[in-house]
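Trainee: Provided herewith is a single structure, encoded as structure tokens, for subsequent inquiry.
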Amino acid sequence: MSRFLNVLRSWLVMVSIVAAGNSLQSFRDHTFLYEKLYTGKPDLVNGLQARTYGIWTLLSSVVRCLCAIDIHNKTLYYITLWTFFLALGHFLCELFVFGTAAPTIGVMAPLMVASISILGMLVGLRHLEAEPGSRQKKRN
């Protein structure tokens with residue numbers, strides 16, 4: 001396995017752990033969301049929205065961790081890549097379309113993590129394709 005893919009796997013595990021922590025914090029205390037993320041319209045944040053955000057983040061965390069474990073699984077790889085596109089799209093919409101988020105560190109950090117992860121995973125695709133035996137065998 002290439003060094004880049006090993007670094008990418010470590011990155012995915014780290015991002016997964018941070019996401020799991022954010023998820024748990026959303027379940028524990030929903031003020032986390034309006035104090036750190038949705039500062040533009042904090043009155044829209046409630047317990048239900050926090051738990052929904054927590055489940056969505058936990059699901060993303062699990063998918064990313066599984067991809068780090070089995071990085072050669074192309075289907076899982078693409079699903080993981082999509083988790084980052086969805087996160088990027090979500091936070092960009094909250095920031096620029098809905099106005100529920102302000103450009104604070106709480107929003108800029110997930111935007112940067114999603115962007116870096118997308119770039120890393122796109123580069124990782126090239127490394128996966130370059131590895132011998134990485135192409136799927138034909139099924140008989």
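Chain labels follow the order of the structure tokens: the first chain is A, the next B, and so on; residue numbering restarts at 1 in every chain, and ligands are counted from 1 in their shown order.
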Can you list every residue of range 41-61 of chain A that has an atom at most 12 Å from range 66-72 of chain A, with its nearest atom pair and the distance in Å to one decimal, using only C-alpha atoms, ordered by chain then number, as JSON lines?
Mentor:
{"residue": "A:Leu59", "atom": "CA", "partner": "A:Leu66", "partner_atom": "CA", "distance": 10.7}
{"residue": "A:Ser60", "atom": "CA", "partner": "A:Leu66", "partner_atom": "CA", "distance": 9.9}
{"residue": "A:Ser61", "atom": "CA", "partner": "A:Leu66", "partner_atom": "CA", "distance": 8.6}
Trainee: Applying 9 Å and only C-alpha atoms, which residues near Asn46 in chain A remain after dropping the ones on its own chain fewer than 4 positions away? List them as a VMD selection string.
Mentor: chain A and resid 30 to 31 33 to 34 42 50 to 51
Trainee: Show me, as a PDB file with N, CA and C atoms, in the first residue's frame, the residues that have an atom within 9 Å of Thr100 in chain A when counting only C-alpha atoms, minus same-chain residues fewer than 2 positions from it.
Mentor:
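The file below, result14.pdb, is the result:
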ATOM      1  N   LEU A  37     -21.747  26.442  15.954  1.00  0.00           N
ATOM      2  CA  LEU A  37     -22.008  26.271  14.527  1.00  0.00           C
ATOM      3  C   LEU A  37     -23.061  27.231  13.983  1.00  0.00           C
ATOM      4  N   TYR A  38     -24.246  27.130  14.496  1.00  0.00           N
ATOM      5  CA  TYR A  38     -25.371  27.887  13.927  1.00  0.00           C
ATOM      6  C   TYR A  38     -25.582  29.188  14.692  1.00  0.00           C
ATOM      7  N   THR A  39     -24.544  30.017  14.692  1.00  0.00           N
ATOM      8  CA  THR A  39     -24.571  31.263  15.450  1.00  0.00           C
ATOM      9  C   THR A  39     -25.366  32.360  14.756  1.00  0.00           C
ATOM     10  N   GLY A  40     -25.685  32.184  13.483  1.00  0.00           N
ATOM     11  CA  GLY A  40     -26.435  33.197  12.743  1.00  0.00           C
ATOM     12  C   GLY A  40     -27.887  33.292  13.185  1.00  0.00           C
ATOM     13  N   LYS A  41     -28.493  32.161  13.478  1.00  0.00           N
ATOM     14  CA  LYS A  41     -29.882  32.113  13.944  1.00  0.00           C
ATOM     15  C   LYS A  41     -30.005  31.057  15.043  1.00  0.00           C
ATOM     16  N   PRO A  42     -29.459  31.354  16.225  1.00  0.00           N
ATOM     17  CA  PRO A  42     -29.435  30.343  17.285  1.00  0.00           C
ATOM     18  C   PRO A  42     -30.826  29.935  17.778  1.00  0.00           C
ATOM     19  N   LEU A  44     -33.182  28.915  16.087  1.00  0.00           N
ATOM     20  CA  LEU A  44     -33.676  27.776  15.307  1.00  0.00           C
ATOM     21  C   LEU A  44     -33.135  26.436  15.804  1.00  0.00           C
ATOM     22  N   CYS A  93     -24.236  25.937   2.467  1.00  0.00           N
ATOM     23  CA  CYS A  93     -25.636  26.407   2.402  1.00  0.00           C
ATOM     24  C   CYS A  93     -26.033  27.133   3.680  1.00  0.00           C
ATOM     25  N   GLU A  94     -25.658  26.583   4.819  1.00  0.00           N
ATOM     26  CA  GLU A  94     -26.001  27.246   6.088  1.00  0.00           C
ATOM     27  C   GLU A  94     -25.320  28.604   6.185  1.00  0.00           C
ATOM     28  N   LEU A  95     -24.128  28.702   5.625  1.00  0.00           N
ATOM     29  CA  LEU A  95     -23.369  29.947   5.684  1.00  0.00           C
ATOM     30  C   LEU A  95     -23.872  30.980   4.682  1.00  0.00           C
ATOM     31  N   PHE A  96     -24.061  30.581   3.421  1.00  0.00           N
ATOM     32  CA  PHE A  96     -24.355  31.547   2.368  1.00  0.00           C
ATOM     33  C   PHE A  96     -25.813  31.605   1.921  1.00  0.00           C
ATOM     34  N   VAL A  97     -26.562  30.538   2.080  1.00  0.00           N
ATOM     35  CA  VAL A  97     -27.948  30.513   1.597  1.00  0.00           C
ATOM     36  C   VAL A  97     -28.930  30.809   2.725  1.00  0.00           C
ATOM     37  N   PHE A  98     -28.836  30.047   3.812  1.00  0.00           N
ATOM     38  CA  PHE A  98     -29.815  30.160   4.883  1.00  0.00           C
ATOM     39  C   PHE A  98     -29.441  31.177   5.949  1.00  0.00           C
ATOM     40  N   ALA A 102     -22.401  31.664  10.798  1.00  0.00           N
ATOM     41  CA  ALA A 102     -21.519  32.801  10.527  1.00  0.00           C
ATOM     42  C   ALA A 102     -20.117  32.250  10.284  1.00  0.00           C
TER      43      ALA A 102
END
Trainee: Hey, can you check how far CA of Thr52 in chain A sits from CA of Ala114 in chain A?
Mentor: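 Atom-to-atom, CA of Thr52 in chain A to CA of Ala114 in chain A, that is 19.5 Å.
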Trainee: What is the CA of Arg64 in chain A-CA of Val15 in chain A distance in Å, reported with one decimal?
Mentor: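 Those two atoms sit 7.8 Å apart.
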Trainee: Env of Val63 in chain A: 12 Å cut, atoms = only C-alpha atoms, seq-sep filter 4 positions within chain, self excluded. Answer as a JSON list (two decimals) with N, CA, C and O atoms, in the first residue's frame.
Mentor:
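Output (out_14.json):
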[["chain", "number", "residue", "atom", "x", "y", "z"],
["A", 12, "LEU", "N", -8.53, 9.76, 7.91],
["A", 12, "LEU", "CA", -9.93, 9.35, 8.03],
["A", 12, "LEU", "C", -10.27, 8.90, 9.45],
["A", 12, "LEU", "O", -11.35, 9.21, 9.96],
["A", 13, "VAL", "N", -9.35, 8.19, 10.09],
["A", 13, "VAL", "CA", -9.59, 7.78, 11.47],
["A", 13, "VAL", "C", -9.66, 9.00, 12.38],
["A", 13, "VAL", "O", -10.56, 9.10, 13.23],
["A", 15, "VAL", "N", -10.46, 12.13, 11.59],
["A", 15, "VAL", "CA", -11.69, 12.86, 11.31],
["A", 15, "VAL", "C", -12.89, 12.11, 11.88],
["A", 15, "VAL", "O", -13.82, 12.72, 12.42],
["A", 16, "SER", "N", -12.85, 10.81, 11.81],
["A", 16, "SER", "CA", -13.93, 9.98, 12.35],
["A", 16, "SER", "C", -14.05, 10.14, 13.87],
["A", 16, "SER", "O", -15.15, 10.26, 14.41],
["A", 17, "ILE", "N", -12.93, 10.15, 14.55],
["A", 17, "ILE", "CA", -12.94, 10.30, 16.02],
["A", 17, "ILE", "C", -13.47, 11.67, 16.41],
["A", 17, "ILE", "O", -14.29, 11.80, 17.33],
["A", 19, "ALA", "N", -15.48, 13.55, 14.66],
["A", 19, "ALA", "CA", -16.91, 13.57, 14.34],
["A", 19, "ALA", "C", -17.72, 12.83, 15.40],
["A", 19, "ALA", "O", -18.81, 13.27, 15.79],
["A", 20, "ALA", "N", -17.20, 11.71, 15.88],
["A", 20, "ALA", "CA", -17.90, 10.97, 16.94],
["A", 20, "ALA", "C", -18.00, 11.82, 18.20],
["A", 20, "ALA", "O", -19.04, 11.82, 18.87],
["A", 56, "TRP", "N", -26.62, 12.19, 12.13],
["A", 56, "TRP", "CA", -26.01, 12.38, 10.81],
["A", 56, "TRP", "C", -24.48, 12.37, 10.95],
["A", 56, "TRP", "O", -23.77, 11.72, 10.17],
["A", 57, "THR", "N", -23.97, 13.05, 11.96],
["A", 57, "THR", "CA", -22.52, 13.11, 12.17],
["A", 57, "THR", "C", -21.97, 11.75, 12.60],
["A", 57, "THR", "O", -20.89, 11.35, 12.17],
["A", 58, "LEU", "N", -22.72, 11.04, 13.44],
["A", 58, "LEU", "CA", -22.28, 9.71, 13.86],
["A", 58, "LEU", "C", -22.24, 8.74, 12.68],
["A", 58, "LEU", "O", -21.30, 7.95, 12.55],
["A", 59, "LEU", "N", -23.24, 8.81, 11.82],
["A", 59, "LEU", "CA", -23.24, 7.96, 10.63],
["A", 59, "LEU", "C", -22.03, 8.26, 9.74],
["A", 59, "LEU", "O", -21.35, 7.35, 9.27],
["A", 67, "CYS", "N", -14.12, 3.07, 6.07],
["A", 67, "CYS", "CA", -13.31, 3.28, 4.87],
["A", 67, "CYS", "C", -11.82, 3.23, 5.22],
["A", 67, "CYS", "O", -11.02, 2.68, 4.46],
["A", 68, "ALA", "N", -11.46, 3.78, 6.37],
["A", 68, "ALA", "CA", -10.06, 3.72, 6.79],
["A", 68, "ALA", "C", -9.62, 2.28, 7.01],
["A", 68, "ALA", "O", -8.48, 1.92, 6.71],
["A", 69, "ILE", "N", -10.52, 1.45, 7.49],
["A", 69, "ILE", "CA", -10.20, 0.05, 7.72],
["A", 69, "ILE", "C", -10.08, -0.71, 6.40],
["A", 69, "ILE", "O", -9.18, -1.52, 6.22],
["A", 70, "ASP", "N", -11.01, -0.44, 5.47],
["A", 70, "ASP", "CA", -11.04, -1.16, 4.19],
["A", 70, "ASP", "C", -10.98, -0.15, 3.04],
["A", 70, "ASP", "O", -11.94, 0.04, 2.30],
["A", 71, "ILE", "N", -9.84, 0.49, 2.91],
["A", 71, "ILE", "CA", -9.70, 1.58, 1.94],
["A", 71, "ILE", "C", -9.76, 1.09, 0.50],
["A", 71, "ILE", "O", -10.00, 1.88, -0.41],
["A", 73, "ASN", "N", -12.00, -0.93, -0.70],
["A", 73, "ASN", "CA", -13.40, -1.16, -1.07],
["A", 73, "ASN", "C", -13.91, 0.09, -1.80],
["A", 73, "ASN", "O", -14.18, 1.12, -1.18],
["A", 75, "THR", "N", -16.69, 0.89, -3.38],
["A", 75, "THR", "CA", -18.03, 1.39, -3.06],
["A", 75, "THR", "C", -17.98, 2.20, -1.76],
["A", 75, "THR", "O", -18.51, 3.31, -1.70],
["A", 76, "LEU", "N", -17.36, 1.65, -0.76],
["A", 76, "LEU", "CA", -17.23, 2.34, 0.53],
["A", 76, "LEU", "C", -16.42, 3.62, 0.37],
["A", 76, "LEU", "O", -16.71, 4.64, 0.99],
["A", 77, "TYR", "N", -15.40, 3.56, -0.48],
["A", 77, "TYR", "CA", -14.56, 4.74, -0.73],
["A", 77, "TYR", "C", -15.39, 5.88, -1.31],
["A", 77, "TYR", "O", -15.30, 7.02, -0.85],
["A", 78, "TYR", "N", -16.22, 5.57, -2.30],
["A", 78, "TYR", "CA", -17.05, 6.61, -2.92],
["A", 78, "TYR", "C", -18.13, 7.12, -1.96],
["A", 78, "TYR", "O", -18.44, 8.32, -1.94],
["A", 79, "ILE", "N", -18.69, 6.24, -1.15],
["A", 79, "ILE", "CA", -19.68, 6.68, -0.16],
["A", 79, "ILE", "C", -19.02, 7.63, 0.84],
["A", 79, "ILE", "O", -19.59, 8.66, 1.20],
["A", 80, "THR", "N", -17.80, 7.30, 1.25],
["A", 80, "THR", "CA", -17.07, 8.16, 2.18],
["A", 80, "THR", "C", -16.77, 9.52, 1.54],
["A", 80, "THR", "O", -16.94, 10.56, 2.18],
["A", 81, "LEU", "N", -16.36, 9.49, 0.29],
["A", 81, "LEU", "CA", -16.11, 10.75, -0.43],
["A", 81, "LEU", "C", -17.38, 11.60, -0.45],
["A", 81, "LEU", "O", -17.34, 12.81, -0.22],
["A", 82, "TRP", "N", -18.52, 10.96, -0.66],
["A", 82, "TRP", "CA", -19.79, 11.69, -0.67],
["A", 82, "TRP", "C", -20.13, 12.27, 0.69],
["A", 82, "TRP", "O", -20.77, 13.31, 0.78],
["A", 83, "THR", "N", -19.71, 11.62, 1.79],
["A", 83, "THR", "CA", -19.99, 12.21, 3.11],
["A", 83, "THR", "C", -19.32, 13.57, 3.24],
["A", 83, "THR", "O", -19.88, 14.49, 3.85],
["A", 84, "PHE", "N", -18.15, 13.70, 2.64],
["A", 84, "PHE", "CA", -17.45, 14.98, 2.70],
["A", 84, "PHE", "C", -18.10, 16.01, 1.77],
["A", 84, "PHE", "O", -18.20, 17.19, 2.12]]
Trainee: As an exercise, work out the distance from CA of Gly99 in chain A to CA of Met121 in chain A in Å and give it to one decimal place.
Mentor: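 CA of Met121 in chain A lies 29.2 Å from CA of Gly99 in chain A.
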Trainee: Enumerate the residues of range 100-129 of chain A with a DSSP assignment of alpha helix (DSSP H), computed from the backbone, and present them as a PDB file with N, CA and C atoms, in the first residue's frame.
Mentor:
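Once everything was written out, this is selection06.pdb:
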ATOM      1  N   ILE A 105     -14.801  30.101  13.544  1.00  0.00           N
ATOM      2  CA  ILE A 105     -13.931  28.922  13.508  1.00  0.00           C
ATOM      3  C   ILE A 105     -14.767  27.646  13.573  1.00  0.00           C
ATOM      4  N   GLY A 106     -15.923  27.709  14.240  1.00  0.00           N
ATOM      5  CA  GLY A 106     -16.794  26.543  14.345  1.00  0.00           C
ATOM      6  C   GLY A 106     -17.345  26.077  13.011  1.00  0.00           C
ATOM      7  N   VAL A 107     -17.461  26.988  12.060  1.00  0.00           N
ATOM      8  CA  VAL A 107     -17.950  26.637  10.719  1.00  0.00           C
ATOM      9  C   VAL A 107     -16.791  26.494   9.740  1.00  0.00           C
ATOM     10  N   MET A 108     -15.783  27.323   9.891  1.00  0.00           N
ATOM     11  CA  MET A 108     -14.654  27.264   8.967  1.00  0.00           C
ATOM     12  C   MET A 108     -13.877  25.953   9.122  1.00  0.00           C
ATOM     13  N   ALA A 109     -13.790  25.425  10.336  1.00  0.00           N
ATOM     14  CA  ALA A 109     -13.060  24.166  10.545  1.00  0.00           C
ATOM     15  C   ALA A 109     -13.691  23.013   9.763  1.00  0.00           C
ATOM     16  N   PRO A 110     -15.024  22.775   9.862  1.00  0.00           N
ATOM     17  CA  PRO A 110     -15.589  21.687   9.064  1.00  0.00           C
ATOM     18  C   PRO A 110     -15.491  21.939   7.557  1.00  0.00           C
ATOM     19  N   LEU A 111     -15.551  23.202   7.146  1.00  0.00           N
ATOM     20  CA  LEU A 111     -15.390  23.507   5.722  1.00  0.00           C
ATOM     21  C   LEU A 111     -13.984  23.138   5.253  1.00  0.00           C
ATOM     22  N   MET A 112     -12.979  23.457   6.068  1.00  0.00           N
ATOM     23  CA  MET A 112     -11.607  23.122   5.702  1.00  0.00           C
ATOM     24  C   MET A 112     -11.373  21.615   5.737  1.00  0.00           C
ATOM     25  N   VAL A 113     -11.899  20.941   6.768  1.00  0.00           N
ATOM     26  CA  VAL A 113     -11.724  19.490   6.865  1.00  0.00           C
ATOM     27  C   VAL A 113     -12.388  18.801   5.677  1.00  0.00           C
ATOM     28  N   ALA A 114     -13.600  19.215   5.331  1.00  0.00           N
ATOM     29  CA  ALA A 114     -14.298  18.601   4.193  1.00  0.00           C
ATOM     30  C   ALA A 114     -13.528  18.852   2.898  1.00  0.00           C
ATOM     31  N   SER A 115     -13.060  20.065   2.697  1.00  0.00           N
ATOM     32  CA  SER A 115     -12.319  20.399   1.469  1.00  0.00           C
ATOM     33  C   SER A 115     -11.016  19.621   1.362  1.00  0.00           C
ATOM     34  N   ILE A 116     -10.250  19.584   2.443  1.00  0.00           N
ATOM     35  CA  ILE A 116      -8.985  18.837   2.444  1.00  0.00           C
ATOM     36  C   ILE A 116      -9.251  17.357   2.230  1.00  0.00           C
ATOM     37  N   SER A 117     -10.302  16.846   2.853  1.00  0.00           N
ATOM     38  CA  SER A 117     -10.632  15.426   2.717  1.00  0.00           C
ATOM     39  C   SER A 117     -11.048  15.079   1.295  1.00  0.00           C
ATOM     40  N   ILE A 118     -11.825  15.943   0.671  1.00  0.00           N
ATOM     41  CA  ILE A 118     -12.231  15.716  -0.718  1.00  0.00           C
ATOM     42  C   ILE A 118     -10.998  15.666  -1.614  1.00  0.00           C
ATOM     43  N   LEU A 119     -10.112  16.641  -1.458  1.00  0.00           N
ATOM     44  CA  LEU A 119      -8.892  16.655  -2.270  1.00  0.00           C
ATOM     45  C   LEU A 119      -8.049  15.412  -2.006  1.00  0.00           C
ATOM     46  N   GLY A 120      -7.874  15.062  -0.752  1.00  0.00           N
ATOM     47  CA  GLY A 120      -7.083  13.887  -0.407  1.00  0.00           C
ATOM     48  C   GLY A 120      -7.677  12.612  -0.968  1.00  0.00           C
ATOM     49  N   MET A 121      -8.989  12.482  -0.894  1.00  0.00           N
ATOM     50  CA  MET A 121      -9.621  11.263  -1.399  1.00  0.00           C
ATOM     51  C   MET A 121      -9.589  11.201  -2.924  1.00  0.00           C
ATOM     52  N   LEU A 122      -9.676  12.347  -3.584  1.00  0.00           N
ATOM     53  CA  LEU A 122      -9.566  12.345  -5.045  1.00  0.00           C
ATOM     54  C   LEU A 122      -8.152  11.945  -5.479  1.00  0.00           C
ATOM     55  N   VAL A 123      -7.141  12.446  -4.774  1.00  0.00           N
ATOM     56  CA  VAL A 123      -5.772  12.034  -5.053  1.00  0.00           C
ATOM     57  C   VAL A 123      -5.613  10.552  -4.713  1.00  0.00           C
ATOM     58  N   GLY A 124      -6.225  10.127  -3.625  1.00  0.00           N
ATOM     59  CA  GLY A 124      -6.157   8.727  -3.219  1.00  0.00           C
ATOM     60  C   GLY A 124      -6.715   7.778  -4.258  1.00  0.00           C
ATOM     61  N   LEU A 125      -7.703   8.230  -5.015  1.00  0.00           N
ATOM     62  CA  LEU A 125      -8.243   7.394  -6.094  1.00  0.00           C
ATOM     63  C   LEU A 125      -7.165   7.029  -7.098  1.00  0.00           C
ATOM     64  N   ARG A 126      -6.303   7.977  -7.409  1.00  0.00           N
ATOM     65  CA  ARG A 126      -5.206   7.711  -8.352  1.00  0.00           C
ATOM     66  C   ARG A 126      -4.253   6.659  -7.786  1.00  0.00           C
ATOM     67  N   HIS A 127      -3.988   6.745  -6.494  1.00  0.00           N
ATOM     68  CA  HIS A 127      -3.096   5.779  -5.854  1.00  0.00           C
ATOM     69  C   HIS A 127      -3.747   4.396  -5.804  1.00  0.00           C
ATOM     70  N   LEU A 128      -5.040   4.348  -5.573  1.00  0.00           N
ATOM     71  CA  LEU A 128      -5.739   3.060  -5.552  1.00  0.00           C
ATOM     72  C   LEU A 128      -5.691   2.397  -6.921  1.00  0.00           C
ATOM     73  N   GLU A 129      -5.885   3.189  -7.970  1.00  0.00           N
ATOM     74  CA  GLU A 129      -5.887   2.650  -9.330  1.00  0.00           C
ATOM     75  C   GLU A 129      -4.485   2.213  -9.756  1.00  0.00           C
TER      76      GLU A 129
END
Trainee: Which residue gives the smallest distance to Thr104 in chain A among A:Lys36, A:Val45, A:Trp11, A:Lys74, with only C-alpha atoms counted?
Mentor: A:Lys36
